[in-house]
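Report on the structure given below.
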Protein chains: 4
Amino acid sequence: MIRAGVVGASGLAGGDLIRLITQHPDMELTFLGGSSNIGRRPAELHPNLRLDLGLTVQPVTEEIADQVDVVFLATPAPVSAELAALLADRVPAVVDLSGAFRIRTPELHDRWYPKVKRRTDLADRFVYGVPELVGDQLTDAALISLPGCYATAITLGLAPLTLGLGLDLKTVVVDGKSGSSGGGLQLRTPDLHPFRSGAIAPYSPTGHRHAAEVGDFLERGKPGTIGSLTMSAYGVSHVRGLLTSSYVFTDDAVDQRELQRAYVRFYKGHRFVRVRRHAETLIPVPDPQAVLGSNYCDVTVLHDEDGDRIVVLAALDNLVKGAAGQAVQAANIRFGLPEETGLTMQPVMPA
Amino acid sequence: MIRAGVVGASGLAGGDLIRLITQHPDMELTFLGGSSNIGRRPAELHPNLRLDLGLTVQPVTEEIADQVDVVFLATPAPVSAELAALLADRVPAVVDLSGAFRIRTPELHDRWYPKVKRRTDLADRFVYGVPELVGDQLTDAALISLPGCYATAITLGLAPLTLGLGLDLKTVVVDGKSGSSGGGLQLRTPDLHPFRSGAIAPYSPTGHRHAAEVGDFLERGKPGTIGSLTMSAYGVSHVRGLLTSSYVFTDDAVDQRELQRAYVRFYKGHRFVRVRRHAETLIPVPDPQAVLGSNYCDVTVLHDEDGDRIVVLAALDNLVKGAAGQAVQAANIRFGLPEETGLTMQPVMPA
Amino acid sequence: MIRAGVVGASGLAGGDLIRLITQHPDMELTFLGGSSNIGRRPAELHPNLRLDLGLTVQPVTEEIADQVDVVFLATPAPVSAELAALLADRVPAVVDLSGAFRIRTPELHDRWYPKVKRRTDLADRFVYGVPELVGDQLTDAALISLPGCYATAITLGLAPLTLGLGLDLKTVVVDGKSGSSGGGLQLRTPDLHPFRSGAIAPYSPTGHRHAAEVGDFLERGKPGTIGSLTMSAYGVSHVRGLLTSSYVFTDDAVDQRELQRAYVRFYKGHRFVRVRRHAETLIPVPDPQAVLGSNYCDVTVLHDEDGDRIVVLAALDNLVKGAAGQAVQAANIRFGLPEETGLTMQPVMPA
Amino acid sequence: MIRAGVVGASGLAGGDLIRLITQHPDMELTFLGGSSNIGRRPAELHPNLRLDLGLTVQPVTEEIADQVDVVFLATPAPVSAELAALLADRVPAVVDLSGAFRIRTPELHDRWYPKVKRRTDLADRFVYGVPELVGDQLTDAALISLPGCYATAITLGLAPLTLGLGLDLKTVVVDGKSGSSGGGLQLRTPDLHPFRSGAIAPYSPTGHRHAAEVGDFLERGKPGTIGSLTMSAYGVSHVRGLLTSSYVFTDDAVDQRELQRAYVRFYKGHRFVRVRRHAETLIPVPDPQAVLGSNYCDVTVLHDEDGDRIVVLAALDNLVKGAAGQAVQAANIRFGLPEETGLTMQPVMPA
């Protein structure tokens, strides 16, 4: 039984970590950490959860090292930077869900996370990446940094083009659409229900830091593969789930059939990525409603003859495959379990 | 391994049955039946589901008796009446989710289900009821009829008053509020998204047949316990989950403390019913969002000093505890498994 | 041209007052008051509004008396109590949308508004009521207090029974369902989009102060008409609009035909109250989506033979007929204009 | 008083035409046409509308020429093609809201509207375009074809770049996001509330015919201005309003300040286009919720330094500025009225 601690237990990703770990056959929740809500039971903060977990939220100290085999940090990036320094080398595995350790290049990190001071020696030890793409590196990793929710979808969507087909992507235009849970639980006026319901909110029309993360990762070992990758992000009127649209222009010739085959081949054996044809179900896919509550990422690739471009769509549950589920998946690999352990729940639909 | 068949595989309850059975450790999906979508794979109809089930929708004939230990009928009441006659005595267990066999009194049945012709001898053999209240009767039952989604919530909310405290309920006014999945997938204009989104639709302001079902059940063996039970039902602007408000007037004296204790005591040992205080979490409960995707029914009881009345609130996921989950729960009991087998998934929230 | 000031300009009711006054042919917006957002233009606070109003939010002082003929107080009750004392006898008309002066009986006021200290002499001078029911009293009224959004719907729904048919209502059970705009713009966790979307939130299951207001009003001059009136209120998953269900038990005999006639007769000549049959349109009515953005209140009355009860449904836009629109309507009457002046916009549907 | 007829009175655009015309000071509704719902009153079909219009839906024949000065065709494109042939030269003005006469080039028309057979001589007589851009041509026009809802937003967003600044747009990637009312009231499973609520539905990921319309229009007189214009369209989880994101790559140098100035200058005097800075209000704009129910189109232009691209966002109410409102605006110009006559209602927000 792997003993797991969750820090940031009051937040949305923290709540989903508790939900998943308490359903996990080989993982046991032994610590709940946070800086607010000290002493509260999880069911007070997350009305969905079981009432009888027997844990309350506690401050994080060095002492927790005795209680856990893995700590999940579902904390803001500055907090994660501090906690990682505290816990590294004290607990067998630290899995960070924040952006603190995602970007390795110091200059790039400082541009996108100017307020997150981290130790570079520590940063260099973190394994970063979507488990489907860096699985081997996670085995026995002591420090793991997970991609953001958007970055996970974009990367899973583009990887078969760059890493699979070896295409050079001249221009990639990413348009991301997310439900309101993607922004966490901040008490800000635009996040109140009257303003977010019915909205198409262009909250990040230029310069999204997840774009930097994606480019950084996909060009590893092969700089220059991507000419330009820009991103805009929008908040839409539901709660859970996101869709990324990547509009790709390349000088390399490729048709629909090759694309479809390449994607199916690339994700063969990876049960959490479902390569789907756009019209294969009674609703068009991918659509995040079809992955709600699950660790799936649905991906569809289309060759658009009109503009001679490739359209890649990827949908996932931002709190599961985009956060808590992916974290558990990485921890599974880290501890030698099958990656799907505790993550076989099917999506809840319609919801 | 219990071999299970699902008839009505294209519908919403059918979809959730498939979802639950394919996650069930001791149940195996061996047949999918229906009258439409013959030959289609479940993932075409339910975009959330796993792609590789190896089954397609087939017509129901006597021959399916060889393939199944239990058949779940997620079919309209008239179809259930026919299929029950076909399958009774041929398969070990038939679990009907429709209204065909809910009301035992023939006159009452004919009033509320005038178009559902059923054989009275067959009807008399059905065990009807919420598993928490009729568990013993389900053991080895060959024919099982499950309460409607509203009826489940109302009955679980009122049973501690009548069956537990033995109160006489002079007047019960029930106000039911449901998401759009409660109405199934009918192609009707009021169910189109533009009209249902943002609505508070008084679709059944007087004379709801679930009220008949509840009264019929709660007064078994003790007629006259309930003076008057009326119900009105409303469609509100979300998809999954319902809340029933029962406003109870009684001449018997009882206070908040006694009520709370009585409810906790009544449901002790029943893990799917969570008795909750109204303000115990950061959002007021019960709220169906806190049970989404799970088999929980959350119940809260309040004594309202102003009107000297009791307010009973009950929330559940109409497709799980109100349909597919409750059906699996009943089948578990029927086949001697712990009732929670395959039903331990925690609610997905927020969603 | 009536010169109008709006205090509480940053709030939702304030925003709708600005919207309506700037469309009003005989009213001119000359002052915007508030305690926060001083110096801001309305379009910064209300992104829907015209950009060129030429006013910014200012603190309220005695000096505004020179600038306005009427002041609308869309402020919290304690603020309204203070501002009314400041402005009474200085400006020709003060219209208060808060609860500060709704309940005349001091004991009752103190019970439901314990934090609102008001001068009793001032309180006694306020005319309170739905314009349709107290129109004459509004002519030349210097101080006007408007019912709450729920109270408006309930009162308009019940008045034809008590004031029209003269029935004694033994028991009235009110179930109110409201969108999220009813709660204003408070930065509270349950009001964040992830928790309010998809909710059926029992936020006030017992003891709603609007119930006191309604009973107080309907029994004026005829105490004892209503035996018991209790209310529960729920937040549902849309933004604008509410529906009240009043379940009425009476010993007086009355049938569907009489009820329908009585309601039509009672509201003859009152264009803002539409008496509608439940099934007269392609969606069941009343439904607040059919009055969105307008000053209509749709009312339906049904005799439920099963429980020998009367079901009264009333739907309105809580920010218009429940707040800003009703305020303009009252001011129209006060200044001798036709009550519908500036309020003839039709509902926006679907939305 | 201009006598107006609306054909397609049962549909969503038809409903909004009735709403707007009955509020119009110089227009009078004198005919309601359709092929279904013959004999029904508008309030039965559109529960929001006034009850007393005194008209019912009637079949369209030549005889209506005596009753109307202008006919609005809110009909499917094939029906519009037929009715235009019937009514041209019989009524003073025909305003078509469908796609039947939008694309002038026959080959292009046949590609995107293969089922719409129209007379070329008639097609050549139609004036097509957004009123802000073709106003002069509308004066005394007998036949008017209005852009689609998406096309209106995209064109208003891009025109200041091409027609104003004279830029050559090398690559334009359009991502359109729309509420469910954009698809009309078709009884199709994906449009049922359970599937559309919570969706991000990639219903048209490649090859949207509105893209053809936009390119065709913007290059009039200056072919080759636009290198490539591609479009993808998504259905999101609200009802009314759309946002188009146009990602523009150009070799011409231009910075944020020039762009902002150019847009403000271009739309000076056009009250329905509001050029807004992204962060000028408490929610990011443009957002369709801020134009709901109104004839506004909000436009924001941003220079994205990272990718050296221009991001143009445009939001409108698809049933008003994208359909009924724009139709009334065009008719106003046609008949010599100020374009805003009857269209000065402010947006309803929040809703």
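Residues are referred to by chain and number: the chain letter is A, B, ... according to the order shown in the structure tokens, the number counts from 1 in that chain, and ligands are numbered separately from 1 in the order shown.
Near chain C, within 6 Å and using only C-alpha atoms, the residues of chain B are B:Pro190, B:Pro194, B:Gly198, B:Ala199, B:Ile200, B:Ala201, B:Tyr203, B:Thr206, B:Thr230, B:Ser237, B:His238, B:Ile283, B:Pro284, B:Asp287, B:Gln289, B:Asp304, B:Gly307, B:Pro350.
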For the residues in the current selection, export N, CA, C and O atoms as a short mmCIF file (atom, residue, chain, number, x, y, z; two decimals), in the first residue's frame.
data_model
loop_
_atom_site.label_atom_id
_atom_site.label_comp_id
_atom_site.auth_asym_id
_atom_site.auth_seq_id
_atom_site.Cartn_x
_atom_site.Cartn_y
_atom_site.Cartn_z
N PRO B 190 -39.55 21.24 -26.33
CA PRO B 190 -39.17 21.80 -25.02
C PRO B 190 -37.88 21.21 -24.46
O PRO B 190 -37.31 21.77 -23.54
N PRO B 194 -31.94 25.18 -26.44
CA PRO B 194 -32.32 26.59 -26.28
C PRO B 194 -33.49 26.81 -25.32
O PRO B 194 -33.55 27.84 -24.66
N GLY B 198 -31.70 27.45 -18.90
CA GLY B 198 -32.25 28.68 -18.34
C GLY B 198 -33.68 28.57 -17.89
O GLY B 198 -34.26 29.52 -17.39
N ALA B 199 -34.27 27.39 -18.07
CA ALA B 199 -35.68 27.22 -17.73
C ALA B 199 -35.88 26.85 -16.27
O ALA B 199 -35.01 26.27 -15.63
N ILE B 200 -37.02 27.24 -15.75
CA ILE B 200 -37.62 26.54 -14.61
C ILE B 200 -38.97 26.10 -15.15
O ILE B 200 -39.93 26.88 -15.18
N ALA B 201 -39.02 24.88 -15.63
CA ALA B 201 -40.17 24.41 -16.39
C ALA B 201 -41.13 23.64 -15.48
O ALA B 201 -40.79 22.56 -15.00
N TYR B 203 -43.23 21.30 -15.53
CA TYR B 203 -43.78 20.34 -16.49
C TYR B 203 -44.85 19.43 -15.92
O TYR B 203 -45.63 18.84 -16.64
N THR B 206 -49.30 19.38 -11.33
CA THR B 206 -50.28 18.63 -10.52
C THR B 206 -50.24 17.18 -10.97
O THR B 206 -49.91 16.86 -12.11
N THR B 230 -49.26 15.23 -2.06
CA THR B 230 -49.36 15.80 -3.40
C THR B 230 -47.98 16.14 -3.90
O THR B 230 -47.04 16.32 -3.13
N SER B 237 -32.28 23.87 -14.90
CA SER B 237 -31.32 24.06 -15.98
C SER B 237 -30.00 23.33 -15.83
O SER B 237 -28.95 23.89 -16.08
N HIS B 238 -30.01 22.09 -15.39
CA HIS B 238 -28.79 21.32 -15.45
C HIS B 238 -29.18 19.94 -15.98
O HIS B 238 -30.33 19.73 -16.38
N ILE B 283 -20.98 24.39 0.90
CA ILE B 283 -22.21 24.72 0.18
C ILE B 283 -23.35 24.08 0.95
O ILE B 283 -23.17 23.07 1.62
N PRO B 284 -24.56 24.67 0.89
CA PRO B 284 -25.68 24.03 1.58
C PRO B 284 -25.99 22.67 0.97
O PRO B 284 -25.94 22.52 -0.25
N ASP B 287 -27.50 18.70 -2.07
CA ASP B 287 -27.49 19.31 -3.39
C ASP B 287 -27.07 18.19 -4.35
O ASP B 287 -26.06 17.53 -4.12
N GLN B 289 -25.51 18.11 -6.94
CA GLN B 289 -24.16 18.17 -7.49
C GLN B 289 -23.17 17.40 -6.62
O GLN B 289 -22.12 16.98 -7.12
N ASP B 304 -39.02 23.15 11.01
CA ASP B 304 -39.24 24.57 10.75
C ASP B 304 -40.20 25.09 11.81
O ASP B 304 -41.40 24.80 11.79
N GLY B 307 -43.64 27.37 10.81
CA GLY B 307 -44.90 26.78 10.38
C GLY B 307 -45.21 25.49 11.11
O GLY B 307 -46.16 24.80 10.76
N PRO B 350 -16.54 19.56 -8.57
CA PRO B 350 -17.68 20.13 -9.30
C PRO B 350 -17.72 19.63 -10.73
O PRO B 350 -16.72 19.25 -11.29
#
Practice item. Would you return as a PyMOL selection string the members of segment 4-253 of chain D that DSSP assigns to alpha helix (DSSP H) on this structure's backbone? Key: chain D and resi 12-23+42-45+77-87+106-112+120-125+131-138+149-159+193-196+209-218
How would the residues just chosen look if you wrote them out with C-alpha atoms as a short mmCIF file (atom, residue, chain, number, x, y, z; two decimals), in the first residue's frame?
data_model
loop_
_atom_site.label_atom_id
_atom_site.label_comp_id
_atom_site.auth_asym_id
_atom_site.auth_seq_id
_atom_site.Cartn_x
_atom_site.Cartn_y
_atom_site.Cartn_z
CA LEU D 12 -35.87 31.55 -33.57
CA ALA D 13 -34.93 34.34 -35.97
CA GLY D 14 -38.61 34.73 -36.83
CA GLY D 15 -39.41 35.10 -33.15
CA ASP D 16 -36.81 37.78 -32.69
CA LEU D 17 -38.06 39.61 -35.76
CA ILE D 18 -41.55 39.69 -34.24
CA ARG D 19 -40.07 40.89 -30.94
CA LEU D 20 -38.17 43.72 -32.61
CA ILE D 21 -40.84 44.83 -35.06
CA THR D 22 -43.52 45.03 -32.37
CA GLN D 23 -41.21 47.36 -30.43
CA PRO D 42 -47.20 33.97 -32.15
CA ALA D 43 -47.45 33.76 -28.37
CA GLU D 44 -48.15 30.04 -28.64
CA LEU D 45 -44.87 29.57 -30.49
CA ALA D 77 -32.13 28.76 -47.89
CA PRO D 78 -34.10 26.59 -50.34
CA VAL D 79 -37.37 28.16 -49.20
CA SER D 80 -35.89 31.65 -49.41
CA ALA D 81 -34.80 30.97 -52.98
CA GLU D 82 -38.39 30.10 -53.92
CA LEU D 83 -40.06 32.88 -51.99
CA ALA D 84 -37.67 35.50 -53.32
CA ALA D 85 -38.67 34.53 -56.84
CA LEU D 86 -42.33 34.80 -55.86
CA LEU D 87 -42.08 38.13 -54.05
CA PRO D 106 -22.12 30.69 -59.12
CA GLU D 107 -19.45 27.99 -58.71
CA LEU D 108 -18.81 28.99 -55.14
CA HIS D 109 -22.53 29.12 -54.42
CA ASP D 110 -23.03 25.66 -55.87
CA ARG D 111 -20.20 24.24 -53.80
CA TRP D 112 -21.50 25.50 -50.47
CA THR D 120 -28.96 33.79 -61.35
CA ASP D 121 -30.66 36.90 -62.71
CA LEU D 122 -32.37 37.29 -59.36
CA ALA D 123 -29.20 36.53 -57.42
CA ASP D 124 -27.36 39.30 -59.24
CA ARG D 125 -29.86 41.86 -58.05
CA PRO D 131 -25.00 47.36 -43.18
CA GLU D 132 -22.03 49.16 -41.64
CA LEU D 133 -20.02 48.30 -44.75
CA VAL D 134 -22.58 48.55 -47.54
CA GLY D 135 -24.98 51.13 -46.15
CA ASP D 136 -25.23 53.22 -49.29
CA GLN D 137 -26.11 50.28 -51.45
CA LEU D 138 -29.06 49.47 -49.22
CA CYS D 149 -24.18 35.35 -37.94
CA TYR D 150 -20.56 34.15 -38.01
CA ALA D 151 -19.86 36.03 -41.24
CA THR D 152 -21.12 39.27 -39.72
CA ALA D 153 -18.75 38.99 -36.77
CA ILE D 154 -15.74 37.93 -38.82
CA THR D 155 -16.29 40.60 -41.45
CA LEU D 156 -16.78 43.38 -38.91
CA GLY D 157 -13.61 42.16 -37.23
CA LEU D 158 -11.43 42.02 -40.34
CA ALA D 159 -12.73 44.96 -42.40
CA HIS D 193 -30.29 19.62 -23.60
CA PRO D 194 -28.53 16.64 -21.99
CA PHE D 195 -25.96 16.53 -24.80
CA ARG D 196 -25.57 20.20 -25.59
CA ARG D 209 -19.40 27.99 -45.60
CA HIS D 210 -19.37 31.29 -43.78
CA ALA D 211 -15.64 31.44 -44.49
CA ALA D 212 -16.36 31.45 -48.22
CA GLU D 213 -18.82 34.28 -47.76
CA VAL D 214 -16.35 36.40 -45.82
CA GLY D 215 -13.47 35.96 -48.26
CA ASP D 216 -15.77 36.62 -51.22
CA PHE D 217 -16.91 39.88 -49.67
CA LEU D 218 -13.64 41.24 -48.32
#
Exercise for review: Pick out the residues sitting within 10 Å of Met27 of chain A, and hand them over as a ChimeraX atom specification; count only C-alpha atoms, and ignore anything fewer than 3 positions along from it in its own chain.
Suggested key: /A:1-4,20-24,30,69-70,328,331-332,341-342
Selection to disk with N, CA, C and O atoms, as a JSON list (two decimals), in the first residue's frame:
[["chain", "number", "residue", "atom", "x", "y", "z"],
["A", 1, "MET", "N", 0.86, -1.20, 0.00],
["A", 1, "MET", "CA", 0.00, 0.00, 0.00],
["A", 1, "MET", "C", 0.89, 1.25, 0.00],
["A", 1, "MET", "O", 1.67, 1.46, 0.92],
["A", 2, "ILE", "N", 0.72, 2.05, -1.02],
["A", 2, "ILE", "CA", 1.49, 3.30, -1.11],
["A", 2, "ILE", "C", 0.80, 4.36, -0.27],
["A", 2, "ILE", "O", -0.38, 4.63, -0.45],
["A", 3, "ARG", "N", 1.55, 4.97, 0.65],
["A", 3, "ARG", "CA", 0.97, 6.00, 1.50],
["A", 3, "ARG", "C", 1.10, 7.36, 0.82],
["A", 3, "ARG", "O", 2.20, 7.78, 0.47],
["A", 4, "ALA", "N", -0.04, 8.00, 0.60],
["A", 4, "ALA", "CA", -0.05, 9.24, -0.18],
["A", 4, "ALA", "C", -0.50, 10.43, 0.65],
["A", 4, "ALA", "O", -1.42, 10.33, 1.45],
["A", 20, "LEU", "N", -9.77, 10.34, -6.01],
["A", 20, "LEU", "CA", -9.13, 9.24, -6.73],
["A", 20, "LEU", "C", -8.34, 8.33, -5.81],
["A", 20, "LEU", "O", -8.36, 7.10, -5.95],
["A", 21, "ILE", "N", -7.62, 8.91, -4.87],
["A", 21, "ILE", "CA", -6.78, 8.09, -3.98],
["A", 21, "ILE", "C", -7.64, 7.20, -3.09],
["A", 21, "ILE", "O", -7.31, 6.04, -2.85],
["A", 22, "THR", "N", -8.77, 7.74, -2.63],
["A", 22, "THR", "CA", -9.62, 6.91, -1.76],
["A", 22, "THR", "C", -10.32, 5.79, -2.54],
["A", 22, "THR", "O", -10.90, 4.90, -1.93],
["A", 23, "GLN", "N", -10.30, 5.85, -3.86],
["A", 23, "GLN", "CA", -10.84, 4.76, -4.67],
["A", 23, "GLN", "C", -9.72, 3.83, -5.16],
["A", 23, "GLN", "O", -10.01, 2.85, -5.85],
["A", 24, "HIS", "N", -8.48, 4.17, -4.89],
["A", 24, "HIS", "CA", -7.34, 3.46, -5.48],
["A", 24, "HIS", "C", -7.05, 2.19, -4.66],
["A", 24, "HIS", "O", -6.91, 2.25, -3.46],
["A", 30, "THR", "N", -2.85, 9.19, 3.63],
["A", 30, "THR", "CA", -2.36, 9.25, 5.02],
["A", 30, "THR", "C", -2.08, 10.66, 5.50],
["A", 30, "THR", "O", -1.80, 10.86, 6.67],
["A", 69, "ASP", "N", 4.71, 7.98, 1.33],
["A", 69, "ASP", "CA", 5.65, 7.52, 0.31],
["A", 69, "ASP", "C", 5.68, 8.50, -0.86],
["A", 69, "ASP", "O", 6.67, 8.62, -1.57],
["A", 70, "VAL", "N", 4.57, 9.18, -1.05],
["A", 70, "VAL", "CA", 4.48, 10.15, -2.14],
["A", 70, "VAL", "C", 3.65, 11.34, -1.66],
["A", 70, "VAL", "O", 2.68, 11.17, -0.92],
["A", 328, "VAL", "N", -1.87, 10.76, -10.41],
["A", 328, "VAL", "CA", -1.93, 9.38, -9.92],
["A", 328, "VAL", "C", -1.31, 8.43, -10.95],
["A", 328, "VAL", "O", -0.58, 7.50, -10.59],
["A", 331, "ALA", "N", 2.33, 8.63, -10.60],
["A", 331, "ALA", "CA", 2.76, 7.95, -9.37],
["A", 331, "ALA", "C", 2.69, 6.43, -9.53],
["A", 331, "ALA", "O", 3.55, 5.69, -9.03],
["A", 332, "ASN", "N", 1.66, 5.96, -10.21],
["A", 332, "ASN", "CA", 1.57, 4.53, -10.49],
["A", 332, "ASN", "C", 2.84, 4.03, -11.18],
["A", 332, "ASN", "O", 3.44, 3.03, -10.79],
["A", 341, "THR", "N", -3.94, 1.74, -12.74],
["A", 341, "THR", "CA", -4.44, 1.31, -11.43],
["A", 341, "THR", "C", -5.22, 2.44, -10.75],
["A", 341, "THR", "O", -4.72, 3.55, -10.60],
["A", 342, "GLY", "N", -6.44, 2.14, -10.37],
["A", 342, "GLY", "CA", -7.26, 3.14, -9.69],
["A", 342, "GLY", "C", -7.84, 4.21, -10.61],
["A", 342, "GLY", "O", -8.49, 5.15, -10.14]]
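As for atom CA of Val68 of chain D and atom CA of Met345 of chain D, they are spaced 25.0 Å apart.
Considering only C-alpha atoms, the residue among D:Ser35, D:Thr139, D:Ser294, D:Thr300 positioned nearest to Tyr263 of chain D is D:Thr300.
Straight-line separation from atom CA of Cys297 of chain D to atom CA of Arg265 of chain D: 15.8 Å.
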So that I can check the surroundings of Gly8 of chain B, please list as an mmCIF file with all heavy atoms, in the first residue's frame every protein, DNA and RNA residue that reaches within 7 Å of it, counting only C-alpha atoms and ignoring chain neighbours fewer than 6 positions away.
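Final file, result31.cif:
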data_model
loop_
_atom_site.group_PDB
_atom_site.id
_atom_site.type_symbol
_atom_site.label_atom_id
_atom_site.label_comp_id
_atom_site.auth_asym_id
_atom_site.auth_seq_id
_atom_site.Cartn_x
_atom_site.Cartn_y
_atom_site.Cartn_z
ATOM 1 N N GLY B 14 -29.839 3.092 -19.853
ATOM 2 C CA GLY B 14 -29.088 1.999 -20.456
ATOM 3 C C GLY B 14 -27.601 2.299 -20.517
ATOM 4 O O GLY B 14 -26.754 1.455 -20.215
ATOM 5 N N GLY B 33 -29.554 -5.244 -25.569
ATOM 6 C CA GLY B 33 -30.778 -5.360 -26.342
ATOM 7 C C GLY B 33 -31.425 -4.029 -26.628
ATOM 8 O O GLY B 33 -31.202 -3.041 -25.917
ATOM 9 N N GLY B 34 -32.228 -4.021 -27.685
ATOM 10 C CA GLY B 34 -32.956 -2.801 -28.010
ATOM 11 C C GLY B 34 -33.787 -3.008 -29.245
ATOM 12 O O GLY B 34 -33.710 -4.052 -29.906
ATOM 13 N N LEU B 73 -34.055 -4.163 -17.492
ATOM 14 C CA LEU B 73 -34.936 -3.559 -18.483
ATOM 15 C C LEU B 73 -34.967 -2.048 -18.287
ATOM 16 O O LEU B 73 -35.641 -1.529 -17.385
ATOM 17 C CB LEU B 73 -36.353 -4.129 -18.354
ATOM 18 C CG LEU B 73 -36.489 -5.646 -18.534
ATOM 19 C CD1 LEU B 73 -37.947 -6.075 -18.349
ATOM 20 C CD2 LEU B 73 -35.988 -6.076 -19.922
ATOM 21 N N ALA B 74 -34.218 -1.347 -19.117
ATOM 22 C CA ALA B 74 -34.232 0.117 -19.094
ATOM 23 C C ALA B 74 -35.057 0.585 -20.272
ATOM 24 O O ALA B 74 -34.595 1.305 -21.149
ATOM 25 C CB ALA B 74 -32.809 0.654 -19.155
ATOM 26 N N THR B 75 -36.302 0.143 -20.267
ATOM 27 C CA THR B 75 -37.194 0.302 -21.412
ATOM 28 C C THR B 75 -38.443 1.059 -20.973
ATOM 29 O O THR B 75 -38.760 1.111 -19.786
ATOM 30 C CB THR B 75 -37.595 -1.092 -21.943
ATOM 31 O OG1 THR B 75 -37.735 -1.991 -20.823
ATOM 32 C CG2 THR B 75 -36.541 -1.657 -22.860
#
Point to revise | DSSP strand (DSSP E or B) residues within segment 17-199 of chain D, as a PyMOL selection string | key: chain D and resi 27-33+58+70-73+93-96+127-128+143-145+169-178+192
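Taking atom CA of Ser246 of chain D and atom CA of Gly176 of chain A as endpoints, the distance between them is 13.6 Å.
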